[in-house]
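Asks: Pasting a structure below so you can have a look.
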Amino acid sequence: MKAINVAKRDGRVEPLDFEKIHKVLEWAAEDLTGISISEVELRANLQLYDGIPSNDIHELLIKSAAELISDSTPNYQFLAARLINYKLRKEIYGQYEPWHLSKVIDTNVEFGVYDQHILEKYTTEEIEKLQSFIRHDRDADFTYVAMEQMRGKYLVQNRNTQTYYETPQILYMMVAATLFCEYPTETRMRYVKDFYDATSTFFISLPTRTSVRQFSSCVLIEAGDSLDSINATASAIVKYISKKAGIGVGAGRIRALGSSIGDGSTVHTGQIPFLKLFQAAVKSCSQGGVRGGAATVYLPLWHKEFEELVVLKNNKGTDETRVRNMDYGFQFNKLMYERLLTGGNITLFCPNDVPGLYEAFYADQDKFAKLYVKYENDKTIKSKTMKAMDVFVQFLSERKDTGRIYLMNVDHANNHGSFLPEYAPIRQSNLCSEIDLPTKPLNNINDPDGEISLCTLSATNWGLINDPSEFEKYCDLSVRALDALLDYQHYPVLAAENSTMNRRPLGNGIINLAHFLAKRGLKYDSDSLPIIDEYAEAWSYYLIKASANLAVEKGKIPLNHETKYGLGILPIDTYKKDVDELVPHTERMDWDGLRAQLKEHGIRNSTLMALMPAETSAQISNSTNGIEAPRALVSHKQSKDGIMAQVVPGYHKLKNKYDLLWDQENPEGYLQICAVLQKYIDQGISVNTSYNPAKFPNGKVPMSRLIKDVIMFYKYGGKQLYYNNTHDGAGEIETDDDDGCADGACKI
């Protein structure tokens, strides 16, 4: 082979040492079966050239190993991961063995990438104790995709120079030490160790770490029907987009095209120009220097501009009539479904023309029904009437064609939520359609009476849980950590800070459900419902119990009286009783004791659960995404760093046990699982509907199937529907837009 020189970082040029490369690969391949070092070397050698930077050589080895990951050779995922780990350590520490924690902290405080406060909160002796907790050998448990996500999105770094300042175990320890630094001296070291162990062994997943000290993934902002409020909404969007959050926008108050303004001398331009304003605000700042942000707009189904709004993402039409770079969802309630089932009509109104209707739509369903009929019979009110079937068909057709038009059942969000609707109605959801928190429009960006809701997320790895009692430890740690995070982070808008301090909402989700089922030989069907019911009950109970205990320890939230928890009312008291058709209601936990405790001491956090998309954190912990079925045993995802392959956990033993998404006849079993989970959840679930046309006559999914599924979803108490996925029959490489959130901000 022709001699190849290597350009070192310090400017020196020296011959490439092939023996050194071979030794690194031998080290990385130790104990791994089904690995060919020579195959990796051959692939890398084909891409070498004279003068290649030394850094690029190691990346070639990583890429070459990663390209060999397949169903038949899954262990290349560990080889590639070890190569990344080796490279990180050499870059950060100048050697493979990590520095002592105290040296890492001192160095990174000096560089300005760690907060000085960590040295103020912990003594030298305590940092020595923290060092003893760290298990650097756990880095060997990462897969290739996990290490790529870790160095791409989690580790503290300078993205301009691609300089890293920490390795994974340091990250987990610093997160734990930071979150529990305000705990009493006699207990905090125990909590730091327990939380470090829980996260570094993947029992608890964390949201993507940011350098802006803003960790609430989900931001809900409601717009009023005035220019001041609309401008304040746009300003708030910009502030939170710049902090890498995903945005939910409630825009249903904005009046329809042609409506009167003031004395009627001017008419309203309608929703679309203002939605374009929000879209511009959303795309104004890049997220991580990669792309613009993302938002979902929520609108009542009965809005007078429904026909114009339902096609906002449609490829037909002109740019003037489309808002294609935001997602949107329509809001339904019982009356809308009744009109569909009875062959009735749906009347469309401008919210400004029907006083009280918009507020009642969320806060009081009986009042809404009476007002709705009253306004339908009032011929002086401008309205538009459509057959309910036509409304549903238009909605579902656009949802099917774009995959990105969402559904929200606002009556279920309020009736089966944490909050008393008469005090704090739920009027919208978030970017990924799992958060249900109250909002109030801003009149200006500093309005103290407005309310922007934030939700801070984590997830429990069900795939690692073998008995429901094991949830107790991890639920307590999750609630304590997220509650502490609320006090640690910054709030760029007063309305968000006030709301968070008054309500302290959290959202603990689920990852690795597909692995959980595969380990038990279960599929996404009715046979899985009893065990899911048993585990969901315990998970929900221990989360609520943890917050109730924290209320005793640290005090209940100021707006405890606006929650159902404050009255001792639990999710199992308000769920849609049709779910009992799927699984008979059984109470295994001490719910009566918990009700009594809540009545006496209140709750520390107004919400505790939300099932979010969990693509990134699931990859970090080598788990399946949230509650979703995997599309393949080895999935491939296109990201800015190239195509990354992920193998399902437990591949060697369970490869014939997984229930793959496109093998399912229809989403009925999955929706039933969601119904059972929703019974125990105070917020919502980011529920997807997925269809393989090959499973249907003539290769087409009939509209009757789509209608049947949304009706079933409503019957069993479903709150929000997120993506509509359709298999095109081709080999799949998922893009960032497929992974659960358009910008990655709202998922964990």
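Going by the structure tokens order, chains are called A, B, ..., each with residues numbered from 1, while ligands are numbered from 1 in the order shown.
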Based on the backbone DSSP call, show me all residues of stretch 443-684 of chain A assigned strand (DSSP E), as JSON, numbers by chain.

Replies: {"A": [453, 454, 455, 456, 457, 458, 459, 460, 461, 506, 507, 508, 509, 510, 511, 634, 635, 636, 637, 638, 639, 642, 643, 644, 645, 646, 647]}

Asks: Calculated over only C-alpha atoms, which of the candidates A:Ser235, A:Glu305, A:Ser260, A:Trp462 has the smallest distance to A:Leu277?

Replies: A:Ser235

Asks: Rounded to one decimal, what separation in Å do you get between atom CA of A:Phe696 and atom CA of A:Gly718?

Replies: 24.8 Å

Asks: Tell me which protein, DNA and RNA residues are within 10 Å of A:Met189, counting only C-alpha atoms, leaving out same-chain ones fewer than 6 positions away, and put them as a VMD selection string.

Replies: chain A and resid 126 to 127 129 to 130 133 176 to 177 180 to 181 183 195

Asks: Excluding A:Phe274 and residues on its chain fewer than 5 positions from it, collect all residues at most 12 Å away from it, counting only C-alpha atoms, and give them as a PyMOL selection string.

Replies: chain A and resi 223-227+229-231+233-234+249+251-257+268-269+279-281+297+320-323

Asks: Could you give me, as a list of chain:residue names, the residues within 10 Å of A:Asn315, counting only C-alpha atoms and dropping anything in the same chain fewer than 6 positions from it?

Replies: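 That gives A:Arg322, A:Arg324, A:Asp401, A:Thr402.
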